[in-house]
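Data block for my_file39.cif (mmCIF, C-alpha atoms):
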data_work
#
loop_
_atom_site.label_atom_id
_atom_site.label_comp_id
_atom_site.auth_asym_id
_atom_site.auth_seq_id
_atom_site.Cartn_x
_atom_site.Cartn_y
_atom_site.Cartn_z
CA MET A 1 105.39 192.12 252.57
CA ASN A 2 106.84 191.26 249.15
CA GLU A 3 106.02 194.74 247.84
CA ALA A 4 107.58 196.39 250.87
CA PHE A 5 110.69 194.23 250.58
CA THR A 6 111.03 195.01 246.88
CA LEU A 7 110.69 198.75 247.43
CA SER A 8 112.96 198.76 250.47
CA PHE A 9 115.72 196.54 249.14
CA ILE A 10 115.43 195.08 245.62
CA ILE A 11 115.01 198.30 243.61
CA PRO A 12 117.43 200.27 245.85
CA ILE A 13 120.07 197.53 245.46
CA MET A 14 119.59 197.68 241.68
CA ASN A 15 120.27 201.43 241.85
CA ILE A 16 123.25 200.94 244.13
CA CYS A 17 124.80 198.38 241.76
CA PHE A 18 124.31 200.70 238.80
CA LEU A 19 125.86 203.63 240.70
CA PHE A 20 128.86 201.54 241.74
CA CYS A 21 129.36 200.46 238.12
CA LYS A 22 129.05 204.08 237.02
CA PHE A 23 131.63 205.22 239.59
CA HIS A 24 134.05 202.54 238.42
CA PHE A 25 133.47 203.45 234.79
CA SER A 26 134.15 207.12 235.57
CA LYS A 27 137.36 206.34 237.44
CA LEU A 28 138.80 203.60 235.26
CA TYR A 29 137.56 203.96 231.71
CA GLU A 30 135.96 207.35 231.10
CA ALA A 31 139.30 209.19 231.07
CA SER A 32 140.70 206.78 228.49
CA ILE A 33 137.88 207.55 226.04
CA LYS A 34 139.22 210.52 224.13
CA HIS A 35 136.08 211.67 222.34
CA ASP A 36 133.36 213.29 224.45
CA VAL A 37 130.70 212.04 222.04
CA PHE A 38 131.62 208.40 222.69
CA ARG A 39 131.86 208.97 226.43
CA TYR A 40 128.44 210.58 226.65
CA ALA A 41 126.95 208.01 224.26
CA ILE A 42 128.00 205.20 226.60
CA VAL A 43 126.46 206.99 229.59
CA VAL A 44 123.24 207.67 227.66
CA ILE A 45 122.81 204.08 226.50
CA PHE A 46 123.48 202.48 229.87
CA PHE A 47 121.36 204.96 231.82
CA LEU A 48 118.40 204.77 229.44
CA VAL A 49 118.45 200.99 229.52
CA PHE A 50 118.77 200.90 233.30
CA ASN A 51 116.07 203.48 234.00
CA PHE A 52 113.77 201.84 231.46
CA VAL A 53 114.17 198.46 233.18
CA VAL A 54 113.63 199.85 236.68
CA ALA A 55 110.64 201.98 235.62
CA THR A 56 109.01 199.07 233.78
CA PHE A 57 109.64 196.75 236.72
CA SER A 58 108.11 199.17 239.26
CA LEU A 59 105.13 199.85 237.00
CA LYS A 60 104.42 196.14 236.68
CA CYS A 61 104.75 195.57 240.42
CA PHE A 62 103.23 198.70 241.97
CA GLN A 63 101.61 200.72 239.17
CA LEU A 64 103.92 203.62 239.94
CA ILE A 65 107.46 204.68 239.13
CA CYS A 66 109.89 205.21 241.99
CA PHE A 67 113.61 205.88 242.54
CA GLN A 68 113.82 207.35 239.02
CA TYR A 69 115.95 210.28 240.21
CA THR A 70 118.44 208.28 242.25
CA VAL A 71 121.16 208.37 239.59
CA PRO A 72 120.62 212.03 238.54
CA VAL A 73 120.68 213.32 242.13
CA THR A 74 123.79 211.27 242.89
CA SER A 75 125.50 212.52 239.74
CA PHE A 76 124.53 216.11 240.50
CA PHE A 77 126.13 216.15 243.95
CA LEU A 78 128.94 213.62 243.64
CA ASP A 79 129.94 213.66 239.95
CA GLY A 80 129.60 217.35 239.19
CA ARG A 81 126.72 219.69 238.44
CA ASN A 82 127.08 219.56 234.65
CA HIS A 83 127.07 215.77 234.69
CA GLY A 84 123.98 215.86 236.89
CA TYR A 85 122.16 218.20 234.51
CA PHE A 86 122.87 215.81 231.66
CA ILE A 87 121.49 212.78 233.54
CA PHE A 88 118.42 214.73 234.69
CA LEU A 89 117.58 215.43 231.04
CA LEU A 90 117.61 211.71 230.28
CA VAL A 91 115.05 210.75 232.94
CA PRO A 92 111.91 211.92 231.07
CA ILE A 93 113.14 210.08 227.96
CA ALA A 94 113.64 206.80 229.83
CA LEU A 95 110.30 207.09 231.62
CA ALA A 96 108.49 208.01 228.41
CA LEU A 97 109.88 204.88 226.76
CA SER A 98 108.73 202.75 229.67
CA LEU A 99 105.24 204.28 229.77
CA SER A 100 104.84 203.99 226.02
CA VAL A 101 105.36 200.22 226.26
CA ASP A 102 102.36 200.03 228.60
CA LYS A 103 100.45 202.51 226.42
CA MET A 104 100.27 204.98 229.31
CA LEU A 105 102.12 207.81 227.61
CA SER A 106 100.21 210.93 226.62
CA SER A 107 101.10 214.55 226.03
CA LYS A 108 99.85 215.38 229.52
CA VAL A 109 101.97 212.66 231.12
CA LEU A 110 105.00 213.77 229.09
CA LEU A 111 104.58 217.31 230.38
CA VAL A 112 104.34 215.92 233.91
CA LEU A 113 107.60 214.01 233.39
CA ILE A 114 109.39 217.11 232.15
CA ALA A 115 107.97 219.28 234.96
CA GLU A 116 108.96 216.64 237.50
CA ALA A 117 112.55 216.54 236.19
CA ILE A 118 112.79 220.34 236.24
CA GLY A 119 111.31 220.51 239.74
CA SER A 120 113.74 217.90 241.07
CA LEU A 121 116.65 219.71 239.47
CA VAL A 122 115.56 223.06 240.92
CA PHE A 123 115.32 221.46 244.36
CA CYS A 124 118.90 220.19 244.03
CA GLU A 125 120.05 223.65 242.96
CA LEU A 126 118.36 225.19 245.99
CA MET A 127 120.13 222.68 248.20
CA GLN A 128 123.43 223.77 246.70
CA LEU A 129 122.77 227.28 248.01
CA LEU A 130 122.90 226.03 251.60
CA THR A 131 126.53 226.79 252.32
CA ASN A 132 126.33 225.60 255.93
CA LEU A 133 125.83 221.97 254.81
CA ASP A 134 128.49 219.67 253.42
CA VAL A 135 127.97 217.92 250.10
CA PHE A 136 126.94 214.62 251.69
CA SER A 137 124.25 216.29 253.81
CA LYS A 138 122.87 218.07 250.75
CA TYR A 139 122.91 214.81 248.83
CA ILE A 140 121.11 212.84 251.55
CA ILE A 141 118.38 215.46 252.02
CA SER A 142 117.84 215.82 248.28
CA MET A 143 117.71 212.07 247.72
CA LEU A 144 115.18 211.48 250.48
CA MET A 145 112.94 214.38 249.46
CA VAL A 146 113.00 213.69 245.71
CA ASN A 147 112.46 209.95 246.08
CA ILE A 148 109.52 210.45 248.44
CA ILE A 149 107.88 213.32 246.54
CA THR A 150 108.11 212.06 242.96
CA PRO A 151 106.03 208.88 243.46
CA ILE A 152 103.43 211.04 245.22
CA GLU A 153 103.32 213.34 242.21
CA ASN A 154 102.90 210.37 239.91
CA GLN A 155 100.02 209.03 241.97
CA TYR A 156 98.32 212.39 242.22
CA LYS A 157 98.60 213.37 238.57
CA TRP A 158 98.32 210.02 236.86
CA ASN A 159 95.94 208.42 239.36
CA LEU A 160 97.93 205.20 239.08
CA VAL A 161 97.57 204.07 242.69
CA ILE A 162 94.96 204.60 245.35
CA ASN A 163 95.67 206.71 248.43
CA ASN A 164 95.97 203.88 250.93
CA GLN A 165 98.49 202.17 248.66
CA LEU A 166 100.45 205.40 248.54
CA VAL A 167 100.78 205.29 252.31
CA LYS A 168 101.90 201.68 252.10
CA VAL A 169 104.72 202.43 249.65
CA SER A 170 105.99 205.66 251.23
CA LEU A 171 107.75 203.99 254.16
CA PRO A 172 109.48 201.32 252.03
CA ILE A 173 110.61 204.03 249.59
CA LEU A 174 112.01 206.01 252.51
CA ILE A 175 113.85 202.93 253.79
CA GLY A 176 115.17 202.22 250.29
CA SER A 177 116.32 205.82 249.89
CA ILE A 178 118.17 205.66 253.20
CA LEU A 179 119.83 202.40 252.09
CA ILE A 180 120.95 204.03 248.83
CA THR A 181 122.31 207.20 250.41
CA VAL A 182 124.15 205.38 253.19
CA SER A 183 125.68 202.89 250.74
CA VAL A 184 126.72 205.58 248.27
CA CYS A 185 128.15 207.87 250.96
CA LEU A 186 130.17 205.03 252.47
CA TYR A 187 131.38 203.94 249.05
CA VAL A 188 132.33 207.44 247.88
CA THR A 189 134.05 208.15 251.20
CA ALA A 190 136.05 204.94 250.83
CA LEU A 191 136.97 205.91 247.26
CA GLN A 192 138.07 209.37 248.38
CA ARG A 193 140.21 207.90 251.15
CA LYS A 194 141.75 205.47 248.70
CA GLU A 195 142.48 208.23 246.19
CA SER A 196 143.92 210.41 248.94
CA LEU A 197 146.18 207.57 250.08
CA ILE A 198 147.29 206.89 246.50
CA LYS A 199 148.09 210.58 245.96
CA LYS A 200 150.00 210.67 249.24
CA LEU A 201 152.01 207.58 248.30
CA GLN A 202 152.67 208.96 244.82
CA TYR A 203 153.83 212.24 246.33
CA GLU A 204 156.11 210.49 248.82
CA THR A 205 157.47 208.26 246.07
CA ASN A 206 158.39 211.20 243.86
CA HIS A 207 159.41 213.83 246.41
CA ASP A 208 162.29 214.24 248.80
CA ASN A 209 160.93 214.25 252.34
CA LEU A 210 163.40 216.89 253.59
CA THR A 211 163.15 219.56 250.90
CA ASN A 212 159.84 218.54 249.28
CA LEU A 213 161.55 218.81 245.92
CA LEU A 214 161.07 216.18 243.25
CA ASN A 215 163.56 213.37 243.88
CA TYR A 216 165.89 211.39 241.65
CA ARG A 217 163.18 208.83 240.87
CA ALA A 218 160.93 211.61 239.58
CA PHE A 219 163.90 213.04 237.69
CA SER A 220 164.53 209.72 235.93
CA ASN A 221 160.87 209.35 234.98
CA TYR A 222 160.70 212.92 233.72
CA ILE A 223 163.81 212.51 231.58
CA ILE A 224 162.36 209.34 230.05
CA LYS A 225 159.17 211.25 229.31
CA ILE A 226 160.85 214.20 227.59
CA SER A 227 163.60 212.23 225.87
CA THR A 228 161.40 211.78 222.80
CA ASP A 229 160.24 215.40 222.71
CA THR A 230 162.06 216.98 219.79
CA SER A 231 159.75 219.98 219.52
CA ALA A 232 161.16 221.74 222.60
CA VAL A 233 164.59 222.80 223.83
CA TYR A 234 165.51 221.80 227.37
CA THR A 235 168.16 223.59 229.41
CA ILE A 236 169.79 221.75 232.30
CA LEU A 237 171.10 223.57 235.38
CA MET A 238 173.15 221.46 237.78
CA LEU A 239 173.98 222.98 241.18
CA ASP A 240 176.20 221.65 243.95
CA LEU A 241 176.50 223.44 247.29
CA ASP A 242 180.09 224.36 248.12
CA ASN A 243 181.76 223.08 251.29
CA PHE A 244 178.56 221.46 252.53
CA LYS A 245 180.49 218.74 254.34
CA GLY A 246 182.35 221.43 256.26
CA ILE A 247 179.05 222.89 257.47
CA ASN A 248 177.91 219.46 258.60
CA ASP A 249 181.19 218.87 260.41
CA ARG A 250 181.17 222.29 262.04
CA PHE A 251 177.51 222.70 263.00
CA GLY A 252 176.10 219.18 262.83
CA HIS A 253 173.81 217.35 260.43
CA LEU A 254 170.64 218.97 261.75
CA GLU A 255 172.04 222.35 260.81
CA GLY A 256 173.03 220.92 257.45
CA ASN A 257 169.46 219.79 256.92
CA HIS A 258 168.19 223.23 257.87
CA LEU A 259 170.56 224.78 255.34
CA LEU A 260 169.22 222.47 252.63
CA GLU A 261 165.65 223.43 253.51
CA THR A 262 166.50 227.14 253.44
CA PHE A 263 168.43 226.86 250.19
CA THR A 264 165.69 224.93 248.38
CA ALA A 265 163.01 227.35 249.60
CA LYS A 266 164.96 230.24 248.06
CA LEU A 267 165.65 228.22 244.91
CA LYS A 268 161.97 227.40 244.42
CA HIS A 269 160.87 230.94 245.14
CA PHE A 270 163.35 232.41 242.68
CA PHE A 271 162.75 230.09 239.73
CA LEU A 272 159.07 229.25 240.16
CA ASP A 273 158.26 232.95 240.31
CA LYS A 274 160.02 233.49 236.99
CA TYR A 275 159.09 230.23 235.25
CA PRO A 276 155.99 228.80 236.98
CA THR A 277 155.23 226.29 234.21
CA ALA A 278 158.58 225.96 232.46
CA VAL A 279 160.82 224.67 235.26
CA LYS A 280 161.14 221.40 237.16
CA ILE A 281 163.39 221.38 240.23
CA PHE A 282 164.89 218.14 241.51
CA ARG A 283 167.09 217.14 244.40
CA PHE A 284 169.64 215.21 242.38
CA GLY A 285 171.73 213.94 245.26
CA GLY A 286 172.79 214.92 248.78
CA GLU A 287 173.60 218.59 248.18
CA GLU A 288 173.26 218.49 244.41
CA PHE A 289 170.24 219.85 242.56
CA CYS A 290 169.04 219.85 238.99
CA LEU A 291 166.72 222.26 237.22
CA VAL A 292 165.17 221.44 233.86
CA LEU A 293 163.82 224.45 231.96
CA LYS A 294 161.66 224.02 228.90
CA ASP A 295 162.07 226.44 225.99
CA VAL A 296 164.30 228.79 227.96
CA SER A 297 167.47 229.77 226.14
CA ILE A 298 170.77 228.63 227.58
CA GLU A 299 171.97 232.23 227.82
CA GLU A 300 168.89 233.29 229.78
CA ALA A 301 169.22 230.31 232.10
CA TYR A 302 172.89 231.12 232.64
CA THR A 303 172.06 234.74 233.47
CA GLN A 304 169.32 233.72 235.90
CA ILE A 305 171.44 231.19 237.76
CA TRP A 306 174.19 233.77 238.19
CA GLU A 307 171.62 236.21 239.54
CA PHE A 308 170.49 233.60 242.04
CA GLU A 309 174.11 232.87 243.02
CA GLU A 310 174.75 236.55 243.70
CA LEU A 311 171.52 236.86 245.68
CA LEU A 312 172.42 233.83 247.77
CA THR A 313 175.99 234.89 248.55
CA ALA A 314 174.94 238.47 249.32
CA LYS A 315 172.45 237.41 251.98
CA GLY A 316 174.44 234.49 253.35
CA TYR A 317 172.95 231.96 255.74
CA SER A 318 172.08 232.43 259.38
CA THR A 319 172.32 229.25 261.46
CA THR A 320 169.72 228.33 264.06
CA THR A 321 172.12 229.72 266.68
CA GLY A 322 172.41 233.04 264.85
CA GLN A 323 175.85 232.59 263.28
CA GLN A 324 176.38 233.93 259.78
CA VAL A 325 177.80 231.48 257.24
CA LYS A 326 178.74 232.16 253.65
CA VAL A 327 176.87 229.88 251.28
CA SER A 328 177.64 229.43 247.61
CA PHE A 329 177.31 226.78 244.95
CA SER A 330 179.02 225.60 241.82
CA GLY A 331 176.90 225.22 238.72
CA GLY A 332 176.90 223.81 235.23
CA VAL A 333 174.63 224.73 232.34
CA ALA A 334 173.93 222.79 229.14
CA ASN A 335 171.03 222.31 226.78
CA THR A 336 169.63 220.06 224.10
CA ASP A 337 170.32 220.92 220.50
CA GLN A 338 171.16 219.21 217.24
CA LYS A 339 174.38 217.91 218.77
CA ALA A 340 173.17 216.86 222.22
CA ASN A 341 170.06 215.02 223.36
CA ILE A 342 168.68 215.31 226.89
CA HIS A 343 170.98 212.62 228.29
CA GLU A 344 174.07 214.25 226.80
CA ALA A 345 172.92 217.64 228.08
CA ILE A 346 172.71 216.22 231.61
CA ARG A 347 176.21 214.74 231.34
CA ASN A 348 177.55 218.03 229.98
CA ALA A 349 175.97 220.06 232.79
CA ASP A 350 177.23 217.62 235.41
CA ALA A 351 180.76 217.77 233.98
CA ALA A 352 180.57 221.57 234.03
CA VAL A 353 179.73 221.50 237.76
CA TYR A 354 182.90 219.62 238.59
CA LEU A 355 184.90 221.89 236.33
CA ALA A 356 183.51 224.83 238.33
CA LYS A 357 184.52 223.15 241.59
CA ASN A 358 188.02 222.48 240.31
CA ASN A 359 188.30 226.12 239.23
CA GLY A 360 187.69 227.41 242.75
CA ARG A 361 183.93 226.97 243.39
CA ALA A 362 181.23 229.67 243.63
CA GLN A 363 180.93 229.93 239.87
CA ILE A 364 178.81 228.67 236.98
CA ILE A 365 180.30 227.07 233.89
CA CYS A 366 178.42 227.13 230.61
CA PRO A 367 180.63 225.88 227.77
CA ASP A 368 178.02 226.53 225.07
CA CYS A 369 176.84 229.97 226.21
CA VAL A 370 177.37 232.98 223.98
CA ILE A 371 177.41 235.96 226.34
CA ASP A 372 177.90 239.49 225.06
#

Re-express the file's structure as C-alpha cells.
Amino acid sequence: MNEAFTLSFIIPIMNICFLFCKFHFSKLYEASIKHDVFRYAIVVIFFLVFNFVVATFSLKCFQLICFQYTVPVTSFFLDGRNHGYFIFLLVPIALALSLSVDKMLSSKVLLVLIAEAIGSLVFCELMQLLTNLDVFSKYIISMLMVNIITPIENQYKWNLVINNQLVKVSLPILIGSILITVSVCLYVTALQRKESLIKKLQYETNHDNLTNLLNYRAFSNYIIKISTDTSAVYTILMLDLDNFKGINDRFGHLEGNHLLETFTAKLKHFFLDKYPTAVKIFRFGGEEFCLVLKDVSIEEAYTQIWEFEELLTAKGYSTTTGQQVKVSFSGGVANTDQKANIHEAIRNADAAVYLAKNNGRAQIICPDCVID
C-alpha cells in the first residue's frame, strides 16, 4: 500500500511542484535574465538536481526509475519543442548520475538510457504529427504512454524488478501520470486564461473603445518612453476634424461616432501601409488625433498628410442614411531637432493645428517645412 501510494501520489506531486516552479520561473524571471548561457545553466542545474533526487528515491524504494520523462514531455508540448529537446538531453545525464551512486551504471545501461530518451522524443514528435488533436490531448497521451513504457523498459533490460512487481507498479504509475497531466493541464489553462485577461485589460487600458486606436494614456506613456531617445528623429502630426460638432448636431452622435470609425479606418490604412513599423496613431481627444513617426523627415510627413487630406476630401463621407457629407481636417506638423525636444514638438504641432483652423480649416500648417 505504501509503495502504491508513493507511486500514485508522492512522486507525482514532487514532479507537479517542480513543474509549477518551472512555469513560474519561465514567466517571472527567465525573461529578465539577459544571457542565454545563464538562463540555460539555471535550468540545467535545477533539473539535474531534481531528476537525480527523484531517480535515487525511486531506485531506493522500488528498484526502478519512473516518471523520469515527466518534465521533458511537459516542456516539449507546453514550453516549446526546442526547450523540450534540451530537457530530453539532460535526462540520461541525471539518470546516469543516480545509477552511478548505486554502482549500477555500465556502458550497456548508458546506451539504454540514451536509446530510451531518443525513443521517448521520437514518440512525442510522432504525436505532434497528429493534426486532429489539440496540444493538451497530445500531451496527455504522450505522458501516459512514456511514463508507463519507460519503467517497463528499465525492468526488461536491467532486470531490476521481477515481473509480478512490474504489474504491481504499473497501475500506480498510471494513476500518478493521470494526476500529473490533469494538474498541469488545469494549471496551464488557468495561466493562459489569466494571461489572456491581462492582455485584454492592457489592451482596453491603452486603446480607445470606439476607434481601437491607442488612447491618450498610451500616448503619454509612449512620449515618456521616447523622450530620452536622442538617436532618432520624431515627427508629430496633429489632426483635428473640421466642423465635427456640426455633424453631431445635424445627424446625431451615433452618426458622429460612425464618422470617427470610418475616418480612423482610412487613417490607419493609409499610414500603416506606408509606415508599418515607423508610425504610432493615437486618438488624442474627441475628434483630435496624433501620429508619431520615427525617422521620417518632416517634409515627407507633410507631403503624406496632404495626400491623405486630398484623398479624404475627394471621396467625402456617406452617412448611414446615404447622404454625402464633405469631411476635412486641419493639421499641424512639427518634429524633434536640436531646438525642440519631443514635448516641444507636440506643442508646436498642436499650435499649428489651431493656426490652420483660424486660417480657414482644411489645411496643414508646417512652420519648419522646407518645400520646393

Starting from 6 Å padding per side, set up an axis-aligned box that covers all listed atoms of region 195-201 of chain A and hand over centre and edge lengths in Å, one decimal, as lines of an AutoDock Vina configuration file.
center_x = 147.2
center_y = 208.8
center_z = 248.0
size_x = 21.5
size_y = 15.8
size_z = 16.1

Q: Might you pull out every residue within 6 Å of Val292 (chain A), with only C-alpha atoms counted and same-chain residues fewer than 6 positions away left off, and present them as a list in words?
A: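 Once the nearby chain positions are removed, what remains is Thr235, Ile236, Val279 and Lys280 of chain A.
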
Q.
Please list, as a PyMOL selection string, the residues that have an atom at most 12 Å away from (108.6, 214.8, 233.6) in the coordinates of this file, counting all atoms listed in the file.
A. chain A and resi 65+68-69+88-96+99+105-121+150-151+153-154+157-158

Q.
Excluding region 218-227 of chain A and its own-chain neighbours fewer than 4 positions away, which residues fall within 12 Å of it when counting all atoms listed in the file? Please give them as a ChimeraX atom specification.
A. /A:202-208,212-214,231-234,236,279-285,289-294,336,340-346

Q. So which residues are close to (182.4, 222.1, 246.8), meaning at most 7 Å away in the file's coordinates with only C-alpha atoms counted, and can you show them as a ChimeraX atom specification?
A. /A:240-244,330,357,361

Can you build me a table of region 50-127 of chain A residues sitting at most 12 Å from region 12-25 of chain A, with the closest atom pair per residue and its distance in Å to one decimal, using all atoms listed in the file, sorted by chain and residue number, as JSON lines?
{"residue": "A:Phe50", "atom": "CA", "partner": "A:Phe18", "partner_atom": "CA", "distance": 7.8}
{"residue": "A:Asn51", "atom": "CA", "partner": "A:Asn15", "partner_atom": "CA", "distance": 9.1}
{"residue": "A:Val53", "atom": "CA", "partner": "A:Met14", "partner_atom": "CA", "distance": 10.1}
{"residue": "A:Val54", "atom": "CA", "partner": "A:Met14", "partner_atom": "CA", "distance": 8.1}
{"residue": "A:Ala55", "atom": "CA", "partner": "A:Asn15", "partner_atom": "CA", "distance": 11.5}
{"residue": "A:Phe57", "atom": "CA", "partner": "A:Met14", "partner_atom": "CA", "distance": 11.2}
{"residue": "A:Ser58", "atom": "CA", "partner": "A:Pro12", "partner_atom": "CA", "distance": 11.5}
{"residue": "A:Cys66", "atom": "CA", "partner": "A:Pro12", "partner_atom": "CA", "distance": 9.8}
{"residue": "A:Phe67", "atom": "CA", "partner": "A:Pro12", "partner_atom": "CA", "distance": 7.6}
{"residue": "A:Gln68", "atom": "CA", "partner": "A:Asn15", "partner_atom": "CA", "distance": 9.2}
{"residue": "A:Tyr69", "atom": "CA", "partner": "A:Asn15", "partner_atom": "CA", "distance": 10.0}
{"residue": "A:Thr70", "atom": "CA", "partner": "A:Asn15", "partner_atom": "CA", "distance": 7.1}
{"residue": "A:Val71", "atom": "CA", "partner": "A:Leu19", "partner_atom": "CA", "distance": 6.8}
{"residue": "A:Pro72", "atom": "CA", "partner": "A:Leu19", "partner_atom": "CA", "distance": 10.1}
{"residue": "A:Val73", "atom": "CA", "partner": "A:Leu19", "partner_atom": "CA", "distance": 11.1}
{"residue": "A:Thr74", "atom": "CA", "partner": "A:Leu19", "partner_atom": "CA", "distance": 8.2}
{"residue": "A:Ser75", "atom": "CA", "partner": "A:Leu19", "partner_atom": "CA", "distance": 8.9}
{"residue": "A:Leu78", "atom": "CA", "partner": "A:Phe23", "partner_atom": "CA", "distance": 9.7}
{"residue": "A:Asp79", "atom": "CA", "partner": "A:Phe23", "partner_atom": "CA", "distance": 8.6}

Q.
Env of Ser177 (chain A): 7 Å cut, atoms = all atoms listed in the file, seq-sep filter 4 positions within chain, self excluded. Answer as a count of residues only.
A. 6

Q | Closest of A:Val169, A:Ile141, A:Leu311, A:Cys124 to Gln63 (chain A) - atom-to-atom distances counting all atoms listed in the file | A | A:Val169

Q.
I'd like to know which of A:Met127, A:Leu133, A:Met238, A:Ile180 is closest to Tyr302 (chain A), using all atoms listed in the file.
A. A:Met238

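Pairwise distance (CA of Leu186 (chain A), CA of Pro172 (chain A)) equals 21.0 Å.
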
Q | Among the residues A:Thr277, A:Asn335, A:Thr262, A:Thr228, the one that comes closest to Ile298 (chain A) [using all atoms listed in the file] | A |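 Checking each of A:Thr277, A:Asn335, A:Thr262, A:Thr228 against Ile298 (chain A), counting all atoms listed in the file, the winner is A:Asn335.
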
Q. Any idea what the distance is between CA of Thr320 (chain A) and CA of Glu288 (chain A)?
A. 22.3 Å

Q) Distance CA of Ala190 (chain A)-CA of Phe136 (chain A), one decimal place? A)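 Separation of CA of Ala190 (chain A) and CA of Phe136 (chain A): 13.3 Å.
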
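What the PyMOL selection byres ((chain A and resi 352-354) around 6) grabs from this file is A:Ser330, A:Gly331, A:Gly332, A:Ala349, A:Asp350, A:Ala351, A:Leu355, A:Ala356, A:Lys357, A:Ile365.
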